[in-house]
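K.L.:
My questions will all concern the structure given below.
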Amino acid sequence: MPVIALTFDDGPNTVITPQVLDILEKEGIVGTFFLIARNINPESAEMVRRAVSLGCEIENHSVTHPFMDKLSVEEIREEVQTCTDRIVEITGRVPQFFRPPCIAVSQAMYDNIDLTFICGMGCEDWVPTVTAQERIDRVLANAADGQIVLLHDMEWNVNTVEALKTIIPELKKRGYEFATVSQIFKMKNVTPQRGWLYSNVLQTESDNRL
Ligand SMILES: [Zn+2]
């Protein structure tokens, strides 16, 4: 059975994150949320707790969302550790995966971040003018077994909420199961490699260079 992992960057917030969670809950599926730590406050932390209660996974997307390939080693470590600490405070679980902000990566980042790097197949849903239908078309056209789908639950992103209402039922119709990022590696019997940037857990080494 083909498996796919829906992932959501740039939350948490109290506008779009709960709408995404409503859809995941209604569909009975899980997703993975890569948090920007500076977006965590007492209200948005409740959304994170709800995500965990639904079986979703919480992972690391830095504190301030900088171009981290431009940062010093000390700054790189600070961005990642502080985000990890905040996630542990809320969830009690240590994140295992890291999404580089803007997918900007460097050797210094690979050398100093002790997490598996995740990219994913995107549909430009960080661009407000990309319509819900365009997002649907792109995700469905590119869907594949083992794939990590890169989406955003940033607080203005209603088009992605709309797109999910079609994407999830259509993928189900095509026989897909939905998994978190850690689950999809396990289900496909793949050990996450350090120094790789994953968009599909079944990718080969030649797909993953900087
Ligand atoms: Zn981001």
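Scheme for the structure tokens: letters A, B, ... for chains in order shown; per-chain residue numbers from 1; ligand numbers from 1 in order shown.
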Residues within 8 Å of ligand 1 should be enumerated using only C-alpha atoms and all ligand atoms and returned as a count of residues only.

P.N.:
10

K.L.:
Please provide the set of residues having any atom within 10 Å of Arg194 (chain A), restricted to only C-alpha atoms, with same-chain residues fewer than 6 positions apart removed, written as a VMD selection string.

P.N.:
chain A and resid 110 to 111 113 to 117

K.L.:
Taking only C-alpha atoms into account, which of A:Cys119, A:Leu164, A:Ile87, A:Val15 comes nearest Arg135 (chain A)?

P.N.:
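When distances to Arg135 (chain A) are compared using only C-alpha atoms, the smallest one comes from A:Leu164.
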
K.L.:
Run DSSP on the backbone and grab whatever in region 93-204 of chain A lands in strand (DSSP E or B); send it over as a PyMOL selection string.

P.N.:
chain A and resi 97-98+116-118+121-122+147-152+177-178+197-198+200

K.L.:
What does the file look like for those residues with N, CA and C atoms, as an mmCIF file, in the first residue's frame?

P.N.:
data_model
loop_
_atom_site.group_PDB
_atom_site.id
_atom_site.type_symbol
_atom_site.label_atom_id
_atom_site.label_comp_id
_atom_site.auth_asym_id
_atom_site.auth_seq_id
_atom_site.Cartn_x
_atom_site.Cartn_y
_atom_site.Cartn_z
ATOM 1 N N PHE A 97 13.496 15.329 13.549
ATOM 2 C CA PHE A 97 13.604 15.806 12.170
ATOM 3 C C PHE A 97 13.665 17.324 12.149
ATOM 4 N N PHE A 98 14.316 17.840 11.102
ATOM 5 C CA PHE A 98 14.535 19.278 10.971
ATOM 6 C C PHE A 98 14.208 19.707 9.550
ATOM 7 N N THR A 116 17.566 14.589 11.343
ATOM 8 C CA THR A 116 17.448 14.258 9.926
ATOM 9 C C THR A 116 16.778 15.412 9.190
ATOM 10 N N PHE A 117 17.389 15.828 8.070
ATOM 11 C CA PHE A 117 16.880 16.981 7.311
ATOM 12 C C PHE A 117 15.762 16.543 6.353
ATOM 13 N N ILE A 118 14.667 17.289 6.386
ATOM 14 C CA ILE A 118 13.508 16.984 5.548
ATOM 15 C C ILE A 118 13.210 18.169 4.631
ATOM 16 N N MET A 121 8.005 17.432 -1.115
ATOM 17 C CA MET A 121 7.496 17.909 -2.392
ATOM 18 C C MET A 121 6.492 19.019 -2.107
ATOM 19 N N GLY A 122 6.798 20.219 -2.564
ATOM 20 C CA GLY A 122 5.928 21.362 -2.299
ATOM 21 C C GLY A 122 5.014 21.662 -3.463
ATOM 22 N N GLN A 147 6.498 9.502 -0.210
ATOM 23 C CA GLN A 147 6.724 10.942 -0.330
ATOM 24 C C GLN A 147 6.342 11.731 0.926
ATOM 25 N N ILE A 148 7.095 12.800 1.125
ATOM 26 C CA ILE A 148 6.790 13.780 2.160
ATOM 27 C C ILE A 148 6.265 15.018 1.434
ATOM 28 N N VAL A 149 5.038 15.420 1.766
ATOM 29 C CA VAL A 149 4.411 16.566 1.093
ATOM 30 C C VAL A 149 4.615 17.803 1.963
ATOM 31 N N LEU A 150 5.187 18.836 1.360
ATOM 32 C CA LEU A 150 5.511 20.076 2.092
ATOM 33 C C LEU A 150 4.386 21.087 1.939
ATOM 34 N N LEU A 151 3.692 21.351 3.063
ATOM 35 C CA LEU A 151 2.611 22.334 3.090
ATOM 36 C C LEU A 151 2.862 23.304 4.251
ATOM 37 N N HIS A 152 2.050 24.333 4.343
ATOM 38 C CA HIS A 152 2.238 25.362 5.377
ATOM 39 C C HIS A 152 0.925 25.662 6.089
ATOM 40 N N GLU A 177 -2.147 5.414 2.330
ATOM 41 C CA GLU A 177 -2.193 5.534 3.774
ATOM 42 C C GLU A 177 -1.434 6.797 4.149
ATOM 43 N N PHE A 178 -1.758 7.362 5.302
ATOM 44 C CA PHE A 178 -1.106 8.589 5.756
ATOM 45 C C PHE A 178 -0.299 8.293 7.015
ATOM 46 N N LEU A 197 19.027 15.101 2.531
ATOM 47 C CA LEU A 197 17.874 15.998 2.586
ATOM 48 C C LEU A 197 16.733 15.250 1.916
ATOM 49 N N TYR A 198 15.766 14.796 2.713
ATOM 50 C CA TYR A 198 14.742 13.881 2.193
ATOM 51 C C TYR A 198 13.502 14.602 1.666
ATOM 52 N N ASN A 200 11.549 12.172 -0.279
ATOM 53 C CA ASN A 200 10.871 10.886 -0.341
ATOM 54 C C ASN A 200 11.771 9.894 0.392
#

K.L.:
Can you work out the spacing between CA of Ser44 (chain A) and CA of Arg77 (chain A) in Å, to one decimal?

P.N.:
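Computing it gives 24.3 Å between the two atoms.
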
K.L.:
Which residues are close to Glu27 (chain A), i.e. within 9 Å by only C-alpha atoms, leaving aside same-chain residues fewer than 3 positions away? Reply as a ChimeraX atom specification.

P.N.:
/A:22-24,30,168-169

K.L.:
Give me, please, the distance in Å between CA of Glu124 (chain A) and CA of Trp156 (chain A), quoted to one decimal.

P.N.:
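Distance between the two atoms: 14.3 Å.
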
K.L.:
Counting only C-alpha atoms, which of A:Ser199, A:Thr204, A:Thr166, A:Thr7 gets nearest to Phe33 (chain A)?

P.N.:
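Smallest distance to Phe33 (chain A) is found for A:Thr7.
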
K.L.:
I'd like the contact shell of region 66-76 of chain A - 7 Å cut-off, only C-alpha atoms, skipping same-chain residues fewer than 6 positions apart - returned as a PyMOL selection string.

P.N.:
chain A and resi 101-102+104-106+108-109

K.L.:
Name the closest residue to Gly28 (chain A) among the candidates A:Ala45, A:Ala132, A:Val139, A:Leu54; distances are taken between atoms, counting only C-alpha atoms.

P.N.:
A:Leu54

K.L.:
Can you pull out every residue within 9 Å of region 140-142 of chain A, counting only C-alpha atoms, but drop anything in the same chain fewer than 2 positions away, and send it as a VMD selection string?

P.N.:
chain A and resid 121 135 to 138 144 167 170 to 171

K.L.:
Write the residues you've just listed into a file as a PDB file, in the first residue's frame, and include C-alpha atoms for each of them.

P.N.:
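Here's the written file result-v7.pdb:
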ATOM      1  CA  MET A 121       7.496  17.909  -2.392  1.00  0.00           C
ATOM      2  CA  ARG A 135      -2.278  23.359  -4.972  1.00  0.00           C
ATOM      3  CA  ILE A 136      -4.619  20.373  -5.405  1.00  0.00           C
ATOM      4  CA  ASP A 137      -3.460  19.771  -8.975  1.00  0.00           C
ATOM      5  CA  ARG A 138       0.251  19.948  -8.108  1.00  0.00           C
ATOM      6  CA  ALA A 144       4.193   9.084  -4.890  1.00  0.00           C
ATOM      7  CA  ILE A 167      -6.313  16.274  -1.602  1.00  0.00           C
ATOM      8  CA  GLU A 170      -8.493  11.839  -3.478  1.00  0.00           C
ATOM      9  CA  LEU A 171      -5.301  10.288  -2.100  1.00  0.00           C
TER      10      LEU A 171
END

K.L.:
Given the choices A:Ala5, A:Val80, A:Val88, A:Leu21, which gets closest to Gly120 (chain A) if the distance is worked out from only C-alpha atoms?

P.N.:
A:Ala5

K.L.:
What is the distance, in Å and to one decimal place, between CA of Cys56 (chain A) and CA of Thr32 (chain A)?

P.N.:
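Between these atoms lies a distance of 5.6 Å.
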
K.L.:
Got a sec to tell me which of region 123-181 of chain A DSSP assigns to helix (DSSP H, G or I), as a PyMOL selection string?

P.N.:
chain A and resi 132-142+158-173+181

K.L.:
Counting only C-alpha atoms, which residue out of A:Ile29, A:Val48, A:Tyr176, A:Val158 sits closest to Asp125 (chain A)?

P.N.:
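Among A:Ile29, A:Val48, A:Tyr176, A:Val158, it is A:Val158 that comes nearest to Asp125 (chain A).
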